[in-house]
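K.L.:
The file below is start.cif, mmCIF, C-alpha atoms:
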```
data_target
#
loop_
_atom_site.label_atom_id
_atom_site.label_comp_id
_atom_site.auth_asym_id
_atom_site.auth_seq_id
_atom_site.Cartn_x
_atom_site.Cartn_y
_atom_site.Cartn_z
CA MET A 152 5.42 -126.60 -43.42
CA ARG A 153 5.09 -129.12 -46.25
CA ASN A 154 4.85 -127.11 -49.44
CA GLY A 155 1.28 -128.14 -50.18
CA GLU A 156 0.11 -126.53 -46.99
CA ALA A 157 2.51 -123.67 -47.35
CA LEU A 158 1.33 -122.76 -50.77
CA LYS A 159 -2.31 -123.15 -49.97
CA ARG A 160 -1.78 -120.44 -47.44
CA THR A 161 0.29 -118.31 -49.76
CA GLY A 162 -2.67 -116.98 -51.69
CA GLY A 163 -2.13 -113.83 -49.66
CA GLN A 164 -3.92 -115.34 -46.66
CA PHE A 165 -1.18 -115.41 -44.05
CA PRO A 166 1.63 -113.05 -43.06
CA GLY A 167 4.82 -113.60 -44.96
CA ALA A 168 3.18 -115.25 -47.98
CA GLU A 169 4.23 -112.45 -50.28
CA LYS A 170 7.80 -112.53 -48.97
CA LEU A 171 7.96 -116.28 -49.45
CA LEU A 172 6.80 -116.04 -53.05
CA ARG A 173 9.26 -113.27 -53.80
CA LEU A 174 12.02 -115.41 -52.36
CA LEU A 175 10.81 -118.29 -54.49
CA LYS A 176 10.76 -116.07 -57.54
CA ARG A 177 14.38 -115.13 -56.94
CA GLN A 178 15.32 -118.78 -56.56
CA ALA A 179 13.52 -119.59 -59.82
CA GLU A 180 15.46 -116.81 -61.57
CA ARG A 181 18.69 -118.15 -60.14
CA TYR A 182 17.75 -121.63 -61.38
CA THR A 183 16.96 -120.52 -64.92
CA GLY A 184 19.77 -117.99 -65.03
CA GLY A 185 17.15 -115.45 -66.13
CA ASP A 186 16.59 -117.39 -69.35
CA SER A 187 13.07 -118.48 -68.56
CA THR A 188 10.09 -116.82 -66.91
CA SER A 189 8.39 -120.15 -66.20
CA ILE A 190 9.46 -123.47 -64.74
CA PRO A 191 7.82 -126.88 -64.40
CA VAL A 192 5.67 -127.29 -61.30
CA GLU A 193 7.91 -130.13 -60.12
CA THR A 194 10.97 -127.88 -60.23
CA ALA A 195 9.13 -125.14 -58.38
CA GLN A 196 8.16 -127.64 -55.70
CA GLU A 197 11.77 -128.70 -55.30
CA LEU A 198 12.88 -125.08 -55.02
CA LEU A 199 10.30 -124.46 -52.32
CA GLU A 200 11.36 -127.61 -50.46
CA SER A 201 14.89 -126.30 -50.52
CA VAL A 202 13.83 -122.89 -49.18
CA CYS A 203 11.90 -124.60 -46.36
CA PHE A 204 14.90 -126.80 -45.62
CA CYS A 205 17.18 -123.77 -45.30
CA LEU A 206 14.64 -121.94 -43.16
CA GLU A 207 14.31 -125.10 -41.05
CA ILE A 208 10.54 -125.07 -41.40
CA GLY A 209 8.98 -128.42 -40.67
CA PRO A 210 5.50 -129.65 -41.64
CA GLY A 211 2.80 -127.41 -40.19
CA GLU A 212 5.27 -124.81 -38.93
CA ALA A 213 4.89 -121.08 -39.54
CA LEU A 214 7.35 -118.92 -41.43
CA PRO A 215 9.95 -117.16 -39.30
CA GLU A 216 8.99 -113.64 -38.31
CA GLY A 217 10.95 -110.62 -39.49
CA ASP A 218 13.22 -110.39 -42.50
CA LEU A 219 12.71 -113.59 -44.51
CA ASP A 220 15.61 -112.89 -46.86
CA ALA A 221 17.97 -112.52 -43.92
CA ALA A 222 16.59 -115.72 -42.37
CA PHE A 223 17.16 -117.54 -45.67
CA GLN A 224 20.71 -116.22 -45.94
CA ALA A 225 21.36 -117.32 -42.37
CA GLY A 226 19.98 -120.74 -43.36
CA LEU A 227 22.37 -120.95 -46.30
CA ASP A 228 25.25 -120.04 -43.98
CA ARG A 229 24.18 -122.82 -41.64
CA VAL A 230 24.13 -125.30 -44.51
CA GLU A 231 27.61 -124.17 -45.57
CA GLY A 232 28.84 -124.88 -42.05
CA LYS A 233 27.27 -128.33 -42.18
CA ILE A 234 28.99 -129.00 -45.51
CA VAL A 235 32.38 -128.12 -44.03
CA TRP A 236 31.76 -130.38 -41.05
CA GLY A 237 30.38 -133.21 -43.20
CA ARG A 238 33.28 -133.09 -45.60
CA ALA A 239 35.77 -133.33 -42.75
CA LEU A 240 33.81 -136.26 -41.32
CA TRP A 241 33.71 -137.96 -44.73
CA GLU A 242 37.50 -137.60 -45.08
CA ALA A 243 37.94 -139.13 -41.64
CA VAL A 244 35.66 -142.06 -42.57
CA ARG A 245 37.44 -142.54 -45.90
CA ASP A 246 40.89 -142.50 -44.28
CA HIS A 247 39.94 -144.88 -41.47
CA MET A 248 38.10 -147.74 -43.08
CA PRO A 249 37.68 -150.95 -41.05
CA PRO A 250 40.00 -153.91 -41.54
CA VAL A 251 37.18 -155.92 -43.12
CA GLU A 252 36.31 -155.60 -46.78
CA SER A 253 32.89 -154.51 -47.98
CA ARG A 254 32.34 -153.46 -51.54
CA SER A 255 29.08 -151.73 -50.78
CA MET A 256 30.75 -149.69 -48.02
CA ASP A 257 33.64 -148.78 -50.33
CA ASP A 258 31.21 -147.75 -53.07
CA THR A 259 29.04 -145.77 -50.69
CA VAL A 260 31.95 -143.87 -49.17
CA ALA A 261 33.30 -143.13 -52.65
CA GLY A 262 29.79 -142.08 -53.72
CA ILE A 263 29.48 -139.64 -50.84
CA GLY A 264 32.74 -138.17 -52.13
CA THR A 265 30.85 -137.04 -55.22
CA PHE A 266 28.06 -135.57 -53.07
CA TRP A 267 30.18 -132.55 -52.14
CA ALA A 268 30.65 -131.61 -55.78
CA ARG A 269 27.08 -132.34 -56.85
CA TYR A 270 25.27 -130.84 -53.87
CA ASP A 271 23.66 -127.62 -55.11
CA TYR A 272 22.75 -126.26 -51.69
CA ARG A 273 21.74 -122.82 -52.95
CA LEU A 274 18.89 -124.26 -55.00
CA PHE A 275 18.32 -127.85 -53.93
CA ALA A 276 19.63 -128.08 -50.38
CA HIS A 277 17.17 -130.82 -49.44
CA LEU A 278 18.31 -133.30 -52.09
CA ILE A 279 20.90 -136.07 -51.71
CA PRO A 280 22.68 -136.37 -55.06
CA CYS A 281 24.58 -139.61 -54.45
CA ASP A 282 23.90 -143.33 -54.02
CA ILE A 283 23.96 -144.88 -50.59
CA ASP A 284 23.87 -148.68 -50.59
CA TYR A 285 25.64 -149.76 -47.44
CA GLN A 286 23.15 -150.53 -44.68
CA LEU A 287 23.76 -149.16 -41.20
CA ALA A 288 22.88 -151.01 -38.02
CA ILE A 289 20.68 -148.05 -37.06
CA PRO A 290 19.38 -146.26 -40.15
CA VAL A 291 19.40 -142.49 -40.34
CA PRO A 292 15.90 -141.06 -39.67
CA GLU A 293 14.07 -140.73 -42.98
CA GLN A 294 12.92 -137.19 -42.24
CA LEU A 295 16.52 -135.98 -42.48
CA ARG A 296 17.31 -134.49 -45.86
CA GLY A 297 20.20 -133.01 -47.82
CA VAL A 298 23.44 -132.53 -45.95
CA ASP A 299 21.69 -133.39 -42.67
CA TYR A 300 21.05 -136.90 -43.95
CA ILE A 301 24.61 -137.30 -45.21
CA ASN A 302 26.10 -136.03 -41.95
CA GLY A 303 23.79 -138.30 -39.97
CA TYR A 304 24.80 -141.27 -42.12
CA LEU A 305 28.50 -140.47 -41.79
CA THR A 306 28.19 -140.06 -38.02
CA HIS A 307 26.63 -143.52 -37.69
CA LEU A 308 29.16 -145.04 -40.07
CA TRP A 309 32.06 -143.37 -38.24
CA VAL A 310 30.94 -144.90 -34.92
CA GLU A 311 30.43 -148.34 -36.47
CA ASN A 312 33.80 -148.29 -38.20
CA ARG A 313 35.63 -147.01 -35.14
CA PHE A 314 34.16 -149.97 -33.31
CA LEU A 315 35.25 -152.39 -36.02
CA ARG A 316 38.77 -150.98 -35.99
CA ARG A 317 39.15 -151.95 -32.33
CA PHE A 318 39.40 -155.59 -33.38
CA SER A 319 42.17 -157.48 -35.10
CA GLY A 320 40.50 -158.00 -38.43
CA GLN A 321 41.23 -161.72 -38.58
CA ARG A 322 38.59 -162.63 -36.01
CA GLU A 323 36.04 -160.31 -37.60
CA LYS A 324 36.66 -161.89 -40.98
CA ALA A 325 36.28 -165.40 -39.55
CA LEU A 326 33.04 -164.45 -37.82
CA LEU A 327 31.58 -162.78 -40.90
CA GLU A 328 32.65 -165.59 -43.19
CA ARG A 329 30.95 -168.10 -40.94
CA TYR A 330 27.65 -166.24 -40.67
CA CYS A 331 27.55 -164.42 -43.95
CA PRO A 332 29.69 -166.11 -46.60
CA GLY A 333 30.62 -163.70 -49.37
CA TYR A 334 29.90 -160.73 -47.12
CA GLN A 335 32.53 -158.76 -49.04
CA THR A 336 30.22 -158.38 -52.02
CA LEU A 337 26.82 -158.47 -50.27
CA LEU A 338 24.74 -155.55 -49.04
CA VAL A 339 25.19 -156.52 -45.38
CA ASN A 340 26.17 -154.50 -42.37
CA LEU A 341 29.55 -155.55 -40.94
CA PHE A 342 29.13 -154.00 -37.53
CA GLU A 343 26.00 -155.73 -36.23
CA LEU A 344 27.43 -159.25 -36.03
CA VAL A 345 30.72 -158.13 -34.55
CA PHE A 346 28.97 -155.91 -32.03
CA ALA A 347 26.57 -158.67 -30.95
CA ALA A 348 29.41 -161.17 -30.47
CA ALA A 349 31.43 -158.64 -28.48
CA LEU A 350 28.43 -157.62 -26.40
CA GLY A 351 27.59 -161.24 -25.61
CA LEU A 352 31.11 -161.82 -24.34
CA GLU A 353 31.06 -158.58 -22.38
CA LEU A 354 27.80 -159.60 -20.69
CA LEU A 355 29.48 -162.83 -19.60
CA GLY A 356 32.48 -160.91 -18.27
CA ARG A 357 34.77 -162.31 -20.94
CA ASP A 358 37.21 -160.65 -23.29
CA PRO A 359 35.22 -159.30 -26.27
CA ALA A 360 38.30 -159.41 -28.50
CA GLU A 361 37.75 -163.16 -28.96
CA LEU A 362 34.56 -162.57 -30.93
CA ASN A 363 33.75 -166.21 -30.52
CA LEU A 364 30.89 -167.36 -28.35
CA THR A 365 30.61 -171.07 -27.78
CA PRO A 366 27.31 -172.94 -27.53
CA ALA A 367 27.92 -173.08 -23.77
CA ASP A 368 28.29 -169.31 -23.71
CA ARG A 369 24.99 -168.96 -25.50
CA GLU A 370 23.32 -171.25 -23.00
CA GLU A 371 24.69 -169.02 -20.28
CA LEU A 372 23.28 -165.97 -22.06
CA THR A 373 19.91 -167.67 -22.40
CA ALA A 374 19.93 -168.24 -18.65
CA LEU A 375 20.92 -164.62 -18.06
CA PHE A 376 17.91 -163.29 -19.94
CA ARG A 377 15.45 -165.97 -18.84
CA ASP A 378 12.43 -164.60 -16.98
CA LEU A 379 13.61 -160.99 -17.38
CA PRO A 380 10.93 -158.47 -18.29
CA ARG A 381 11.62 -156.43 -21.45
CA ARG A 382 12.64 -153.26 -19.61
CA ARG A 383 15.15 -155.08 -17.42
CA MET A 384 16.50 -156.83 -20.48
CA GLU A 385 17.06 -153.51 -22.20
CA GLU A 386 18.82 -152.13 -19.13
CA LEU A 387 21.13 -155.12 -19.03
CA LEU A 388 22.00 -154.71 -22.71
CA GLU A 389 22.58 -150.98 -22.31
CA GLN A 390 24.86 -151.53 -19.34
CA GLY A 391 26.76 -154.15 -21.29
CA ALA A 392 27.11 -151.75 -24.23
CA ASP A 393 28.38 -149.07 -21.86
CA ARG A 394 31.04 -151.36 -20.42
CA LEU A 395 32.00 -152.42 -23.92
CA ALA A 396 32.37 -148.79 -25.00
CA GLN A 397 34.57 -148.10 -22.02
CA ARG A 398 36.71 -151.17 -22.57
CA LEU A 399 37.21 -150.32 -26.25
CA GLU A 400 37.85 -146.65 -25.41
CA LEU A 401 34.82 -145.45 -27.31
CA ALA A 402 33.65 -143.29 -24.47
CA GLY A 403 32.53 -140.27 -26.56
CA GLN A 404 28.88 -139.38 -26.08
CA LYS A 405 27.82 -140.18 -29.65
CA SER A 406 29.59 -143.55 -29.62
CA ARG A 407 28.17 -144.50 -26.25
CA GLU A 408 24.64 -143.53 -27.23
CA TYR A 409 24.92 -145.42 -30.51
CA LEU A 410 26.20 -148.59 -28.85
CA ARG A 411 23.52 -148.36 -26.16
CA GLU A 412 20.86 -148.07 -28.84
CA CYS A 413 22.32 -151.03 -30.73
CA GLY A 414 22.33 -153.05 -27.51
CA ARG A 415 18.76 -152.07 -26.67
CA SER A 416 17.60 -153.00 -30.17
CA LEU A 417 18.58 -156.63 -29.50
CA ALA A 418 15.98 -156.98 -26.73
CA PRO A 419 12.96 -157.89 -28.90
CA ARG A 420 14.95 -160.51 -30.78
CA ILE A 421 16.31 -162.01 -27.57
CA ALA A 422 12.80 -162.11 -26.09
CA ALA A 423 11.58 -163.99 -29.15
CA ALA A 424 14.57 -166.36 -29.28
CA ARG A 425 15.27 -167.24 -25.63
CA ASP A 426 12.38 -169.70 -25.34
CA VAL A 427 13.22 -171.60 -28.48
CA GLY A 428 16.97 -171.74 -28.01
CA GLY A 429 17.74 -169.60 -31.04
CA MET A 430 20.40 -167.41 -29.47
CA GLU A 431 22.91 -168.32 -32.16
CA GLY A 432 21.07 -166.04 -34.53
CA ILE A 433 21.65 -163.16 -32.12
CA PHE A 434 24.99 -163.84 -30.45
CA PRO A 435 27.18 -165.39 -33.14
CA GLY A 436 30.20 -167.57 -32.56
CA LYS A 437 31.05 -171.25 -32.74
CA GLY A 438 28.21 -173.52 -33.79
CA GLN A 439 27.23 -176.92 -32.46
CA GLU A 440 29.28 -178.66 -35.12
CA ASP A 441 32.42 -176.80 -33.95
CA ARG A 442 31.98 -178.08 -30.42
CA GLU A 443 31.54 -181.64 -31.68
CA SER A 444 34.61 -181.40 -33.88
CA MET B 229 -0.76 -129.38 -55.69
CA LYS B 230 -0.63 -127.80 -59.12
CA GLU B 231 -3.83 -125.90 -58.45
CA GLU B 232 -2.43 -124.56 -55.19
CA TRP B 233 0.69 -123.37 -56.91
CA LEU B 234 -1.07 -121.64 -59.73
CA ALA B 235 -3.59 -120.02 -57.42
CA CYS B 236 -0.81 -118.71 -55.24
CA ILE B 237 1.19 -117.16 -57.98
CA GLY B 238 -1.73 -115.51 -59.71
CA TRP B 239 -1.75 -112.48 -57.46
CA MET B 240 1.84 -111.66 -58.35
CA ALA B 241 1.02 -111.65 -62.03
CA ALA B 242 -1.83 -109.21 -61.57
CA GLU B 243 0.34 -106.57 -60.04
CA GLU B 244 3.18 -106.97 -62.49
CA ASN B 245 1.26 -107.29 -65.74
CA GLY B 246 3.25 -105.45 -68.37
CA LEU B 247 0.69 -105.47 -71.19
CA GLU B 248 -0.40 -101.87 -70.74
CA ARG B 249 3.12 -100.71 -71.43
CA CYS B 250 3.20 -102.94 -74.53
CA ASN B 251 0.30 -101.04 -76.10
CA THR B 252 2.50 -97.99 -76.48
CA LEU B 253 5.07 -100.12 -78.33
CA THR B 254 2.55 -101.65 -80.76
CA GLU B 255 0.61 -98.51 -81.60
CA GLY B 256 2.79 -97.91 -84.64
CA TYR B 257 1.74 -101.31 -85.99
CA GLY B 258 -1.92 -100.67 -85.53
CA LEU B 259 -2.20 -103.17 -82.68
CA SER B 260 -3.57 -102.64 -79.20
CA LEU B 261 -5.35 -104.48 -76.45
CA SER B 262 -8.26 -103.19 -74.39
CA ARG B 263 -8.40 -103.71 -70.63
CA PRO B 264 -10.96 -106.57 -70.89
CA GLN B 265 -8.79 -108.24 -73.54
CA MET B 266 -5.77 -108.03 -71.23
CA GLU B 267 -7.78 -109.55 -68.43
CA ARG B 268 -8.98 -112.38 -70.66
CA LEU B 269 -5.39 -113.05 -71.78
CA ALA B 270 -4.28 -113.15 -68.13
CA VAL B 271 -6.94 -115.78 -67.40
CA ARG B 272 -5.91 -117.71 -70.51
CA ARG B 273 -2.30 -117.59 -69.33
CA SER B 274 -3.22 -119.26 -66.04
CA GLN B 275 -5.14 -121.93 -67.95
CA ALA B 276 -2.25 -122.50 -70.35
CA LEU B 277 0.28 -122.83 -67.52
CA ARG B 278 -2.00 -125.19 -65.64
CA ALA B 279 -2.55 -127.32 -68.74
CA VAL B 280 1.16 -127.99 -69.20
CA GLY B 281 2.15 -128.07 -65.50
CA ARG B 282 4.22 -124.94 -65.31
CA VAL B 283 4.39 -121.99 -62.95
CA GLU B 284 5.48 -118.49 -63.76
CA PHE B 285 6.57 -115.58 -61.64
CA GLY B 286 6.35 -111.99 -62.81
CA PRO B 287 4.61 -110.51 -65.82
CA GLY B 288 4.57 -113.64 -67.94
CA ILE B 289 5.67 -114.22 -71.49
CA LEU B 290 3.02 -112.13 -73.29
CA PRO B 291 4.94 -108.82 -73.30
CA LYS B 292 7.88 -110.59 -74.95
CA LEU B 293 5.60 -112.28 -77.47
CA VAL B 294 3.96 -108.96 -78.29
CA LEU B 295 7.31 -107.29 -78.93
CA ALA B 296 8.61 -110.20 -81.02
CA PHE B 297 5.51 -110.56 -83.20
CA ARG B 298 4.31 -106.97 -83.48
CA ASP B 299 5.85 -106.57 -86.96
CA SER B 300 4.53 -109.88 -88.28
CA PRO B 301 2.66 -109.51 -91.57
CA TYR B 302 0.13 -112.04 -90.29
CA LEU B 303 -0.95 -110.07 -87.22
CA GLU B 304 -4.02 -107.91 -87.57
CA GLN B 305 -6.00 -105.97 -85.04
CA SER B 306 -9.27 -107.86 -85.67
CA ARG B 307 -7.69 -111.14 -84.56
CA TYR B 308 -4.98 -109.71 -82.33
CA GLU B 309 -6.29 -111.05 -79.00
CA GLU B 310 -7.06 -114.47 -80.47
CA THR B 311 -3.63 -114.78 -82.07
CA LEU B 312 -1.83 -113.66 -78.93
CA ALA B 313 -3.80 -116.17 -76.88
CA GLY B 314 -2.83 -118.92 -79.33
CA LEU B 315 0.82 -117.89 -79.32
CA GLN B 316 0.83 -117.81 -75.53
CA ASP B 317 -0.70 -121.30 -75.31
CA LEU B 318 1.80 -122.59 -77.85
CA PHE B 319 4.74 -120.99 -76.12
CA TYR B 320 4.11 -122.83 -72.86
CA GLN B 321 3.34 -126.06 -74.71
CA LEU B 322 6.50 -125.90 -76.77
CA LYS B 323 8.57 -124.83 -73.78
CA SER B 324 7.57 -128.05 -72.03
CA GLN B 325 7.99 -130.15 -75.17
CA CYS B 326 11.53 -128.83 -75.55
CA ARG B 327 12.18 -129.92 -71.94
CA GLU B 328 13.85 -126.70 -70.85
CA ARG B 329 16.48 -126.98 -73.59
CA LEU B 330 15.63 -123.55 -74.99
CA ALA B 331 15.71 -120.19 -73.27
CA ASP B 332 12.55 -118.08 -73.65
CA ASP B 333 14.18 -115.78 -76.19
CA GLU B 334 15.47 -118.68 -78.25
CA LEU B 335 12.05 -120.31 -78.34
CA ILE B 336 10.30 -117.07 -79.25
CA GLY B 337 12.90 -116.52 -81.97
CA ALA B 338 12.22 -119.97 -83.44
CA MET B 339 8.45 -119.50 -83.24
CA ARG B 340 8.74 -116.16 -84.97
CA LEU B 341 10.88 -117.56 -87.78
CA LEU B 342 8.44 -120.41 -88.40
CA TYR B 343 5.27 -118.32 -88.04
CA ASN B 344 6.42 -115.57 -90.36
CA GLY B 345 8.17 -117.99 -92.73
CA PRO B 346 7.09 -121.50 -93.72
CA GLY B 347 4.12 -121.47 -91.35
CA GLY B 348 2.55 -118.55 -93.16
CA GLY B 349 0.87 -117.27 -90.00
CA SER B 350 -0.55 -120.68 -89.04
CA LEU B 351 -0.56 -121.57 -85.36
CA ASP B 352 -1.40 -125.16 -86.30
CA TYR B 353 1.85 -125.35 -88.23
CA LEU B 354 3.75 -124.34 -85.10
CA ALA B 355 1.78 -126.74 -82.91
CA GLY B 356 2.72 -129.72 -85.06
CA PHE B 357 6.38 -128.82 -85.44
CA PRO B 358 8.85 -131.43 -84.05
CA ALA B 359 10.42 -130.34 -80.77
CA ASP B 360 13.95 -131.44 -81.69
CA ARG B 361 13.90 -129.42 -84.89
CA LEU B 362 12.46 -126.47 -83.02
CA CYS B 363 15.36 -126.64 -80.54
CA GLN B 364 17.79 -126.62 -83.45
CA ILE B 365 16.22 -123.53 -84.95
CA GLY B 366 16.07 -121.86 -81.56
CA ARG B 367 19.74 -122.46 -80.92
CA THR B 368 21.01 -121.50 -84.35
CA GLY B 369 18.46 -118.75 -84.99
CA CYS B 370 18.28 -120.08 -88.54
CA LEU B 371 15.75 -122.10 -90.53
CA GLU B 372 18.29 -123.69 -92.84
CA GLU B 373 20.04 -126.82 -91.75
CA THR B 374 23.77 -127.26 -92.04
CA GLU B 375 25.04 -129.94 -94.40
CA TRP B 376 25.78 -132.17 -91.42
CA GLU B 377 22.29 -131.66 -90.01
CA GLU B 378 20.75 -132.46 -93.39
CA MET B 379 22.64 -135.73 -93.41
CA LEU B 380 21.26 -136.57 -89.97
CA TRP B 381 17.72 -135.88 -91.05
CA ASP B 382 18.18 -137.78 -94.29
CA GLU B 383 15.80 -140.70 -94.44
CA GLU B 384 18.62 -143.02 -95.43
CA TRP B 385 19.92 -142.67 -91.92
#
```
Written as structure tokens, how would this file's structure read?
P.N.:
Amino acid sequence: MRNGEALKRTGGQFPGAEKLLRLLKRQAERYTGGDSTSIPVETAQELLESVCFCLEIGPGEALPEGDLDAAFQAGLDRVEGKIVWGRALWEAVRDHMPPVESRSMDDTVAGIGTFWARYDYRLFAHLIPCDIDYQLAIPVPEQLRGVDYINGYLTHLWVENRFLRRFSGQREKALLERYCPGYQTLLVNLFELVFAAALGLELLGRDPAELNLTPADREELTALFRDLPRRRMEELLEQGADRLAQRLELAGQKSREYLRECGRSLAPRIAAARDVGGMEGIFPGKGQEDRES
Amino acid sequence: MKEEWLACIGWMAAEENGLERCNTLTEGYGLSLSRPQMERLAVRRSQALRAVGRVEFGPGILPKLVLAFRDSPYLEQSRYEETLAGLQDLFYQLKSQCRERLADDELIGAMRLLYNGPGGGSLDYLAGFPADRLCQIGRTGCLEETEWEEMLWDEEW
């Protein structure tokens, strides 16, 4: 229930409206500390959003039946559990950064560190009080809010960084420097390039640790995907991602699913590039000039 | 969205209106409100809240205003409803202008000091009063400025 709809119905028209407004009143009192009987509409909207977030009410959904206060308290308990889990995940991410430097990743991880102190889940559980700059290969769904968004972001980042840590560091740096000079200070994702290079090698049955596809390798990949319909192409990429996950010992369900999705997401670009010989933009490695030299 | 909010919360106000109880506390000052007057003030409250984009749960600010101003030398029964309506409008206006920096009681205290003092019972005086200065009076509960505050307000600065 988006609050517009919710409140339209709260004029005493639907069951639970009175309970919802009493809950909202209590939240407003908690917010003002009893110092003010009125609050700005915008603040009231945020408080209601937070209540809906804790009650896990989506757009167009009805209020839970029964004791609304108890349901809200149970929601707060759930959020507390998510905070504990998210904080542990954040510490793991912070303590296991990849061997490749990225200022935006460093800043983002440090910024999420302030989230735990700033996150006022009792009043504004749906908000995300920190800056997130570092771009993920697969963004977190925009409908996620509050601690759900942060935990989703950290889960993706954890998988990406675990992947990056499976490589030596030197080869990743060389690859990134070649394709994205100054990557250390740019808002670029580190994982995508490394993953694509490793996946390309895996598809050719080569050792992904090299992270260095030659022009001949790319021609071979072009031949591999030539004439394949989109669905078959996606299957091939998913299978390659699966083998890569197994080889790098990233066999956990979340990691496997993430890598499969990353592999699948390359299909449209490959389809567009295979006919014009632009595979270098998808599977990075040595360029034409390297072969000549 | 604002309209929805205000419409929703109106029913709560009706059941929790504390003005009837206030009449017993103002009798000694020769002030009272009739039922139609209370109803008109409740409507005016909704309009005032809507005008400044605020929502309110519970009985509203009027009972507090009544208790704070009941001994004002500028309140008289013939204009009691009109003055209360003006004070109510001003309260919500000033509350927003002060950007939540003052608690209700602090703001009412400042309004009372100004209305009974330099304002001489003029609502226009209150309406034109600078918000920052109002916050200062609300926090200190005092009309006089400290030496340091006077220096800050000095035009030479």
K.L.:
Quick one: pull the distance between atom CA of Glu242 of chain A and atom CA of Tyr270 of chain A, Å, one decimal.
P.N.:
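Distance reported for this atom pair: 16.5 Å.
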K.L.:
So that I can check the surroundings of Gly281 of chain B, please list as a VMD selection string every protein, DNA and RNA residue that reaches within 7 Å of it, counting only C-alpha atoms and ignoring chain neighbours fewer than 3 positions away.
P.N.:
(chain A and resid 191 to 192) or (chain B and resid 230 277 to 278)
K.L.:
Give me the result of the PyMOL selection byres ((chain A and resi 227-232) around 8) on this file, residue by residue, as a PDB file with C-alpha atoms, keeping the file's coordinate frame.
P.N.:
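Result saved to part_24.pdb:
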```
ATOM      1  CA  CYS A 205      17.180-123.770 -45.300  1.00  0.00           C
ATOM      2  CA  PHE A 223      17.160-117.540 -45.670  1.00  0.00           C
ATOM      3  CA  GLN A 224      20.710-116.220 -45.940  1.00  0.00           C
ATOM      4  CA  ALA A 225      21.360-117.320 -42.370  1.00  0.00           C
ATOM      5  CA  GLY A 226      19.980-120.740 -43.360  1.00  0.00           C
ATOM      6  CA  LYS A 233      27.270-128.330 -42.180  1.00  0.00           C
ATOM      7  CA  ILE A 234      28.990-129.000 -45.510  1.00  0.00           C
ATOM      8  CA  VAL A 235      32.380-128.120 -44.030  1.00  0.00           C
ATOM      9  CA  TRP A 236      31.760-130.380 -41.050  1.00  0.00           C
ATOM     10  CA  TYR A 272      22.750-126.260 -51.690  1.00  0.00           C
ATOM     11  CA  ARG A 273      21.740-122.820 -52.950  1.00  0.00           C
ATOM     12  CA  ALA A 276      19.630-128.080 -50.380  1.00  0.00           C
ATOM     13  CA  VAL A 298      23.440-132.530 -45.950  1.00  0.00           C
TER      14      VAL A 298
END
```
K.L.:
Would you pick out the contacts of segment 303-311 of chain B at 6 Å or less, using only C-alpha atoms, so that residues sharing its chain but fewer than 3 positions from it are not included, and give the list as a compact mmCIF listing (two decimals) with C-alpha atoms, in the coordinates of the input?
P.N.:
```txt
# COMPACT_ATOMS: atom_id res chain seq x y z
CA LEU B 259 -2.20 -103.17 -82.68
CA SER B 300 4.53 -109.88 -88.28
CA GLY B 314 -2.83 -118.92 -79.33
```
K.L.:
Would you mind listing what lies within 8 Å of segment 290-293 of chain B as a list in words, with only C-alpha atoms counted and same-chain residues fewer than 4 positions away left out?
P.N.:
Gly246, Leu247, Cys250, Phe297, Leu312, Leu315, Gln316 and Ile336 of chain B
K.L.:
Could you give me the centre and size, in Å to one decimal, of an axis-aligned box around all listed atoms of segment 389-394 of chain A with 8 Å added on every side, as JSON?
P.N.:
```
{"center_x": 26.8, "center_y": -151.6, "center_z": -21.8, "size_x": 24.5, "size_y": 21.1, "size_z": 20.9}
```
K.L.:
Calculate how many Å separate atom CA of Ser319 of chain A from atom CA of Gly391 of chain A, rounding to one decimal.
P.N.:
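Going from atom CA of Ser319 of chain A over to atom CA of Gly391 of chain A, I get 21.0 Å.
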K.L.:
Work out how far atom CA of Cys331 of chain A is from atom CA of Leu354 of chain A, in Å to one decimal.
P.N.:
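It comes out at 23.8 Å.
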K.L.:
Apply the PyMOL selection byres ((chain A and resi 420-425) around 9) to the file shown and report the selected residues as an NGL selection string.
P.N.:
:A and (372-374 or 376-377 or 379-381 or 384 or 416-419 or 426-430 or 432-433)
K.L.:
Written as a PyMOL selection string, what is the full residue list that the PyMOL selection byres ((chain A and resi 170) around 10) yields on the file shown?
P.N.:
chain A and resi 161+166-169+171-176+214+218-220
K.L.:
Take the residues from that selection and write them out as a PDB file, keeping the file's coordinate frame, keeping C-alpha atoms.
P.N.:
```pdb
ATOM      1  CA  THR A 161       0.290-118.310 -49.760  1.00  0.00           C
ATOM      2  CA  PRO A 166       1.630-113.050 -43.060  1.00  0.00           C
ATOM      3  CA  GLY A 167       4.820-113.600 -44.960  1.00  0.00           C
ATOM      4  CA  ALA A 168       3.180-115.250 -47.980  1.00  0.00           C
ATOM      5  CA  GLU A 169       4.230-112.450 -50.280  1.00  0.00           C
ATOM      6  CA  LEU A 171       7.960-116.280 -49.450  1.00  0.00           C
ATOM      7  CA  LEU A 172       6.800-116.040 -53.050  1.00  0.00           C
ATOM      8  CA  ARG A 173       9.260-113.270 -53.800  1.00  0.00           C
ATOM      9  CA  LEU A 174      12.020-115.410 -52.360  1.00  0.00           C
ATOM     10  CA  LEU A 175      10.810-118.290 -54.490  1.00  0.00           C
ATOM     11  CA  LYS A 176      10.760-116.070 -57.540  1.00  0.00           C
ATOM     12  CA  LEU A 214       7.350-118.920 -41.430  1.00  0.00           C
ATOM     13  CA  ASP A 218      13.220-110.390 -42.500  1.00  0.00           C
ATOM     14  CA  LEU A 219      12.710-113.590 -44.510  1.00  0.00           C
ATOM     15  CA  ASP A 220      15.610-112.890 -46.860  1.00  0.00           C
TER      16      ASP A 220
END
```
